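The file protein19.txt contains compact mmCIF, C-alpha atoms and all ligand atoms:
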```
# COMPACT_ATOMS: atom_id res chain seq x y z
CA MET A 109 89.24 116.38 98.20
CA SER A 110 92.17 114.14 98.81
CA ASN A 111 91.62 110.43 98.19
CA LYS A 112 94.09 109.55 100.91
CA TYR A 113 92.50 109.15 104.31
CA LEU A 114 95.63 108.44 106.28
CA LYS A 115 99.05 109.97 105.94
CA VAL A 116 101.86 108.89 108.20
CA THR A 117 105.32 110.40 108.20
CA ASN A 118 108.38 109.39 110.13
CA LEU A 119 106.38 107.56 112.77
CA LYS A 120 108.53 106.03 115.49
CA LYS A 121 108.05 104.16 118.73
CA SER A 122 110.69 102.40 120.80
CA PHE A 123 110.44 100.26 123.90
CA GLY A 124 113.79 100.51 125.64
CA GLY A 125 116.30 99.80 122.90
CA LEU A 126 113.78 98.04 120.69
CA LYS A 127 112.41 99.93 117.69
CA ALA A 128 108.85 98.63 117.54
CA VAL A 129 107.69 101.04 114.82
CA ASP A 130 109.82 102.99 112.38
CA VAL A 131 107.63 103.92 109.43
CA HIS A 132 109.14 106.52 107.16
CA SER A 133 106.09 107.27 105.06
CA LEU A 134 102.76 105.59 104.46
CA ASN A 135 99.60 106.80 102.71
CA LEU A 136 96.35 104.89 102.65
CA ASN A 137 93.69 105.34 100.00
CA THR A 138 90.00 105.82 100.55
CA ASN A 139 87.78 102.84 99.65
CA GLU A 140 90.69 100.47 99.52
CA LEU A 141 91.00 97.20 101.40
CA THR A 142 94.60 97.16 102.57
CA SER A 143 96.25 94.54 104.72
CA ILE A 144 99.30 94.68 106.93
CA ILE A 145 101.20 91.46 107.39
CA GLY A 146 104.52 90.64 109.03
CA PRO A 147 106.11 88.21 111.47
CA ASN A 148 105.20 88.20 115.18
CA GLY A 149 106.60 91.27 116.89
CA ALA A 150 106.93 93.20 113.61
CA GLY A 151 105.13 96.19 115.12
CA LYS A 152 101.70 95.79 113.54
CA THR A 153 99.63 96.25 116.69
CA THR A 154 101.88 99.05 117.93
CA PHE A 155 101.38 100.78 114.58
CA PHE A 156 97.60 100.51 115.07
CA ASP A 157 97.98 101.86 118.62
CA LEU A 158 99.88 104.88 117.32
CA ILE A 159 97.47 105.80 114.55
CA SER A 160 94.35 105.25 116.68
CA GLY A 161 95.59 107.21 119.70
CA PHE A 162 96.04 104.30 122.11
CA GLN A 163 99.77 105.02 122.43
CA ASP A 164 101.82 108.16 121.85
CA SER A 165 104.57 107.99 119.27
CA ASP A 166 108.11 109.15 120.06
CA GLU A 167 108.28 111.03 116.77
CA GLY A 168 106.32 111.57 113.60
CA LYS A 169 102.97 112.77 112.35
CA VAL A 170 99.63 111.16 111.61
CA TYR A 171 96.98 112.86 109.48
CA LEU A 172 93.44 111.63 109.13
CA ASN A 173 91.68 113.26 106.16
CA ASP A 174 94.25 116.05 106.33
CA LYS A 175 93.59 116.70 110.01
CA ASN A 176 96.56 116.31 112.32
CA ILE A 177 95.61 113.58 114.82
CA THR A 178 99.12 112.88 116.10
CA ARG A 179 98.28 113.50 119.75
CA SER A 180 94.52 112.92 119.59
CA GLN A 181 92.72 110.64 122.00
CA PRO A 182 91.06 107.40 120.80
CA TYR A 183 87.51 108.70 121.36
CA SER A 184 88.08 111.80 119.26
CA ILE A 185 89.66 109.75 116.49
CA ALA A 186 86.64 107.43 116.66
CA ARG A 187 84.35 110.44 116.32
CA LEU A 188 86.26 111.42 113.20
CA GLY A 189 85.17 108.09 111.75
CA MET A 190 88.18 105.83 112.27
CA ILE A 191 87.41 102.88 114.51
CA ARG A 192 89.61 99.95 115.44
CA THR A 193 89.17 96.47 116.80
CA PHE A 194 91.61 94.66 119.07
CA GLN A 195 93.72 91.55 118.66
CA LEU A 196 92.42 90.42 122.06
CA THR A 197 88.77 91.38 121.97
CA LYS A 198 87.64 94.09 124.35
CA VAL A 199 84.04 93.02 124.72
CA PHE A 200 82.58 93.38 128.18
CA ASP A 201 82.12 89.88 129.59
CA ARG A 202 79.68 91.04 132.26
CA MET A 203 77.36 92.73 129.77
CA THR A 204 75.01 90.96 127.40
CA VAL A 205 75.70 90.95 123.69
CA LEU A 206 72.97 93.56 123.17
CA GLU A 207 74.33 95.76 125.98
CA ASN A 208 77.80 95.57 124.45
CA MET A 209 76.41 96.79 121.13
CA MET A 210 74.37 99.59 122.71
CA PHE A 211 77.21 100.71 124.94
CA SER A 212 79.48 101.18 121.92
CA ALA A 213 76.83 103.21 120.15
CA SER A 214 76.34 105.51 123.11
CA THR A 215 80.03 106.07 123.78
CA VAL A 216 80.84 107.32 120.30
CA ASN A 217 77.59 109.18 119.69
CA ASN A 218 77.25 112.63 121.16
CA ASP A 219 74.67 111.36 123.60
CA SER A 220 76.64 110.31 126.60
CA PHE A 221 76.04 106.96 128.18
CA ILE A 222 75.33 108.70 131.48
CA ARG A 223 72.55 110.71 129.86
CA SER A 224 71.17 107.54 128.35
CA LEU A 225 70.98 106.11 131.88
CA ILE A 226 69.00 109.12 133.08
CA ARG A 227 66.59 108.54 130.19
CA LEU A 228 65.43 111.97 129.12
CA PRO A 229 62.29 111.70 126.98
CA SER A 230 64.21 112.49 123.80
CA GLN A 231 66.64 109.81 124.83
CA LYS A 232 64.04 107.09 124.60
CA THR A 233 63.73 107.38 120.83
CA THR A 234 67.50 107.41 120.49
CA GLU A 235 67.68 104.31 122.61
CA LYS A 236 64.98 102.63 120.54
CA ASN A 237 66.87 103.47 117.34
CA ILE A 238 70.11 102.19 118.77
CA LYS A 239 68.41 98.99 119.85
CA GLU A 240 66.91 98.44 116.40
CA LYS A 241 70.22 99.11 114.74
CA SER A 242 71.97 96.76 117.16
CA PHE A 243 69.57 93.98 116.21
CA GLU A 244 70.04 94.64 112.50
CA ILE A 245 73.79 94.31 112.86
CA MET A 246 73.60 91.30 115.18
CA LYS A 247 71.36 89.63 112.60
CA ASP A 248 73.85 90.34 109.81
CA LEU A 249 76.57 88.84 111.99
CA ASN A 250 74.44 85.88 113.02
CA ILE A 251 74.69 86.58 116.75
CA ASP A 252 71.16 87.95 117.25
CA HIS A 253 70.07 84.69 118.93
CA MET A 254 72.69 85.44 121.60
CA ALA A 255 71.45 89.02 122.22
CA ASN A 256 70.59 88.39 125.85
CA SER A 257 73.52 86.10 126.66
CA TYR A 258 76.45 87.43 128.58
CA ALA A 259 79.42 88.07 126.33
CA ARG A 260 81.49 85.66 128.42
CA GLU A 261 79.27 82.83 127.15
CA LEU A 262 80.30 83.45 123.55
CA SER A 263 82.88 81.34 121.74
CA GLY A 264 86.13 83.03 120.69
CA GLY A 265 84.80 83.39 117.17
CA GLN A 266 81.50 84.88 118.31
CA LYS A 267 83.42 87.39 120.42
CA LYS A 268 85.27 88.40 117.29
CA LEU A 269 81.91 88.92 115.58
CA LEU A 270 80.62 90.98 118.50
CA GLU A 271 83.75 93.10 118.44
CA LEU A 272 83.20 93.64 114.72
CA GLY A 273 79.56 94.51 115.37
CA ARG A 274 80.51 97.04 118.01
CA SER A 275 82.94 98.64 115.61
CA ILE A 276 80.39 99.10 112.82
CA ILE A 277 77.42 100.36 114.85
CA ASN A 278 78.72 103.92 114.57
CA ASP A 279 79.00 103.81 110.78
CA PRO A 280 82.75 104.25 110.55
CA ASP A 281 84.39 105.53 107.37
CA ILE A 282 87.54 103.65 108.24
CA LEU A 283 87.97 100.37 110.07
CA LEU A 284 91.23 99.15 111.54
CA LEU A 285 90.96 95.42 112.17
CA ASP A 286 93.64 93.74 114.27
CA GLU A 287 93.61 90.02 113.45
CA PRO A 288 89.87 89.58 112.89
CA LEU A 289 90.39 85.90 112.05
CA ALA A 290 92.71 84.91 114.89
CA GLY A 291 91.55 81.86 116.82
CA VAL A 292 88.47 81.48 114.65
CA ASN A 293 87.50 78.15 113.04
CA PRO A 294 87.83 77.94 109.23
CA LYS A 295 84.10 78.11 108.56
CA LEU A 296 83.60 81.19 110.70
CA ALA A 297 86.78 82.72 109.25
CA GLU A 298 85.19 82.40 105.82
CA GLU A 299 82.06 84.17 107.11
CA ILE A 300 84.01 86.97 108.74
CA LEU A 301 86.00 87.42 105.56
CA GLN A 302 82.76 87.81 103.61
CA ILE A 303 81.50 90.36 106.14
CA ILE A 304 84.71 92.35 105.75
CA LEU A 305 84.33 92.25 101.97
CA ASN A 306 80.73 93.45 102.26
CA LEU A 307 81.81 96.35 104.48
CA SER A 308 84.49 97.24 101.96
CA GLU A 309 81.95 97.15 99.12
CA LYS A 310 79.73 99.49 101.13
CA GLY A 311 82.53 102.02 100.88
CA ILE A 312 84.28 101.60 104.21
CA SER A 313 88.05 101.93 103.93
CA ILE A 314 89.64 98.98 105.66
CA LEU A 315 93.09 98.41 107.08
CA MET A 316 93.47 94.86 108.34
CA VAL A 317 96.29 93.19 110.24
CA GLU A 318 96.11 89.45 109.71
CA HIS A 319 98.35 86.38 109.89
CA ASN A 320 96.10 84.30 107.64
CA ILE A 321 98.04 84.96 104.45
CA GLU A 322 95.65 83.07 102.18
CA ALA A 323 92.77 85.25 103.40
CA VAL A 324 94.85 88.41 103.04
CA MET A 325 95.89 87.56 99.49
CA LYS A 326 92.31 86.71 98.55
CA ILE A 327 90.58 89.91 99.63
CA SER A 328 93.18 92.70 99.73
CA GLN A 329 93.81 95.20 97.00
CA ARG A 330 97.07 96.19 98.60
CA VAL A 331 99.42 94.46 101.05
CA ILE A 332 101.92 96.20 103.29
CA VAL A 333 104.63 94.13 104.94
CA LEU A 334 106.16 95.21 108.23
CA ALA A 335 109.35 93.70 109.61
CA GLU A 336 111.15 95.01 112.66
CA GLY A 337 108.92 98.06 112.62
CA MET A 338 109.70 99.02 109.03
CA VAL A 339 107.74 98.78 105.79
CA ILE A 340 109.69 96.33 103.66
CA ALA A 341 107.08 95.88 100.92
CA ASP A 342 103.95 97.69 99.80
CA ASP A 343 102.30 96.37 96.67
CA THR A 344 99.61 94.18 95.14
CA PRO A 345 99.09 90.74 96.73
CA GLU A 346 100.72 89.04 93.72
CA SER A 347 103.88 91.15 93.88
CA VAL A 348 104.21 90.87 97.65
CA ARG A 349 103.83 87.11 97.54
CA SER A 350 106.91 86.72 95.35
CA ASP A 351 108.98 89.48 96.99
CA GLU A 352 112.28 88.05 98.21
CA LYS A 353 112.60 90.50 101.11
CA VAL A 354 109.22 89.33 102.35
CA ILE A 355 110.03 85.65 102.07
CA GLU A 356 113.29 86.29 103.88
CA ALA A 357 111.58 88.21 106.70
CA TYR A 358 109.20 85.32 107.30
CA LEU A 359 111.88 82.62 107.05
CA GLY A 360 114.15 84.61 109.35
CA SER A 361 111.49 84.82 112.01
CA GLU A 362 110.81 81.08 111.75
CA ASN A 363 114.46 80.26 112.34
CA GLU A 364 114.50 82.10 115.64
N1 LIG A 401 104.21 97.88 125.97
C1 LIG A 401 105.32 97.30 125.50
N2 LIG A 401 106.47 97.29 126.21
C2 LIG A 401 107.57 96.73 125.72
N3 LIG A 401 107.65 96.16 124.52
C3 LIG A 401 106.57 96.13 123.76
C4 LIG A 401 105.33 96.70 124.20
N4 LIG A 401 104.40 96.53 123.24
C5 LIG A 401 105.01 95.89 122.23
N5 LIG A 401 106.30 95.64 122.53
C6 LIG A 401 107.29 95.00 121.65
O1 LIG A 401 107.29 95.71 120.44
C7 LIG A 401 107.40 94.81 119.33
C8 LIG A 401 106.22 94.98 118.42
O2 LIG A 401 105.07 94.44 119.06
P1 LIG A 401 103.64 94.38 118.37
O3 LIG A 401 102.71 93.86 119.36
O4 LIG A 401 103.35 95.69 117.77
O5 LIG A 401 103.90 93.31 117.22
P2 LIG A 401 102.86 92.62 116.24
O6 LIG A 401 103.41 92.79 114.86
O7 LIG A 401 101.50 93.11 116.49
O8 LIG A 401 103.00 91.09 116.65
P3 LIG A 401 101.91 89.90 116.62
O9 LIG A 401 101.82 89.45 115.19
O10 LIG A 401 102.51 88.84 117.48
O11 LIG A 401 100.62 90.44 117.16
C9 LIG A 401 107.56 93.41 119.93
O12 LIG A 401 108.91 93.11 120.02
C10 LIG A 401 106.93 93.57 121.30
O13 LIG A 401 107.50 92.66 122.21
MG MG A 402 99.74 92.24 117.09
```
Translate this structure into structure tokens?
Ligand SMILES: Nc1ncnc2c1ncn2[C@@H]1O[C@H](COP(=O)(O)OP(=O)(O)OP(=O)(O)O)[C@@H](O)[C@H]1O
Ligand SMILES: [Mg+2]
Amino acid sequence: MSNKYLKVTNLKKSFGGLKAVDVHSLNLNTNELTSIIGPNGAGKTTFFDLISGFQDSDEGKVYLNDKNITRSQPYSIARLGMIRTFQLTKVFDRMTVLENMMFSASTVNNDSFIRSLIRLPSQKTTEKNIKEKSFEIMKDLNIDHMANSYARELSGGQKKLLELGRSIINDPDILLLDEPLAGVNPKLAEEILQIILNLSEKGISILMVEHNIEAVMKISQRVIVLAEGMVIADDTPESVRSDEKVIEAYLGSENE
């Protein structure tokens, strides 16, 4: 079995004349915590969109565990075990925290949400299991006391936690996290970082986009730097930190 879960070749996406993503080759290793950093507009979120099926690439190939997923839809990629979170959380404001959790479980599981609404007898046990699991996860994330609150009542940081909870309820093998610490206070950021580390230690392969460089350097085994859609560095945190191309990319973007 290959120890690379993701293989990307020649992946390109342009918007008008702008090359948002232009990644020649990138392989990600199983059980590794890898981060992607880069200035605003470097193409990080677009890269996530391309590998998770939320946007079609113009060119290139994406393989997940040796299966070609280049034109696959997000739900089928999720069923293959790769789940992503969003920079701007996609929690449902008009559902409670618990409903958000349970909805995610039912959409990725084979049991359709519609069937769960009809409540076949066999469905009741599934629903009970999902509910128990939801509470377990909410407890781990410290949002269980908000279970019956509407998601819109959560703070920005709690929404991030809920989004994380929704992403782990289906036991993913791979998690793509788009700025899990953005807009979160330092104390909660520390907690979320610990949760991510725990998930990694449980054997989940993690690819994280994050602007909090200190956090990235602290927990990542490998750091990939994107600038203008291209990989300009791919190494250990220590090496990336002192890479002149990287420093230049960040300074250049600050001067704009
Ligand atoms: N749907 C779109 N239409 C046009 N341009 C887009 C679209 N989506 C992204 N872009 C552009 O593509 C480039 C890459 O955007 P992307 O959101 O991937 O960057 P990013 O690295 O995630 O940035 P940030 O750190 O600010 O989240 C940017 O210049 C952005 O303006
Ligand atoms: Mg982004």
### Task
Considering only C-alpha atoms, state which residue in the set A:Glu309, A:Glu336, A:Glu235, A:Glu271 is at the smallest distance from Ser122 of chain A.
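Selected residue with least distance to Ser122 of chain A: A:Glu336.
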### Task
Counting only C-alpha atoms and all ligand atoms, name the residues that have an atom within 10 Å of an atom of ligand LIG 401 (chain A); the answer should be given as a PyMOL selection string.
chain A and resi 121-129+144-158+163+195-196+286-287+290+317-319+334-337
### Query
Counting only C-alpha atoms, what is within 6 Å of segment 134-138 of chain A, bar same-chain residues fewer than 4 positions away, as a ChimeraX atom specification?
/A:111-116,313
### Message
Nearest residue to Glu240 of chain A out of A:Ala255, A:Ala323, A:Leu119, A:Arg192, using all atoms listed in the file?
### Response
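When distances to Glu240 of chain A are compared using all atoms listed in the file, the smallest one comes from A:Ala255.
Considering only C-alpha atoms, the residue among A:Asn320, A:Ser160, A:Ser214, A:Thr193 positioned nearest to Asn293 of chain A is A:Asn320.
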### Task
Compare A:Gly360, A:Pro182, A:Pro288, A:Gly161 by their minimum atom-to-atom distance to ligand MG 402 (chain A), counting all atoms listed in the file, and give me the closest one.
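Ranking A:Gly360, A:Pro182, A:Pro288, A:Gly161 by distance to ligand MG 402 (chain A), first place goes to A:Pro288.
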#### Entry: For atom CA of Ile332 of chain A and atom CA of Thr344 of chain A, the interatomic separation in Å (one decimal)
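Between atom CA of Ile332 of chain A and atom CA of Thr344 of chain A the gap is 8.7 Å.
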### Query
Interatomic distance between atom CA of Leu269 of chain A and atom CA of Phe211 of chain A?
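Interatomic distance, atom CA of Leu269 of chain A to atom CA of Phe211 of chain A: 15.8 Å.
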### Message
Counting all atoms listed in the file, which residue out of A:Leu262, A:Val348, A:Leu188, A:Met316 sits closest to ligand MG 402 (chain A)?
### Response
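Smallest distance to ligand MG 402 (chain A) is found for A:Met316.
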Listed atoms of segment 168-179 of chain A boxed along x, y and z, 6 Å each side, centre and edge lengths in Å, one decimal, as lines of an AutoDock Vina configuration file:
```
center_x = 99.0
center_y = 113.9
center_z = 113.0
size_x = 26.6
size_y = 17.5
size_z = 25.6
```
### Message
Given all atoms listed in the file as the basis, pick out the residue of A:Tyr358, A:Ser347, A:Leu285, A:Glu244 nearest to ligand MG 402 (chain A).
### Response
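Comparing A:Tyr358, A:Ser347, A:Leu285, A:Glu244 against ligand MG 402 (chain A), the winner is A:Leu285.
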### Message
I'd like the contact shell of Ile238 of chain A - 7 Å cut-off, only C-alpha atoms, skipping same-chain residues fewer than 3 positions apart - returned as an MDAnalysis selection string.
### Response
chainID A and resid 210 213 234:235 241:242
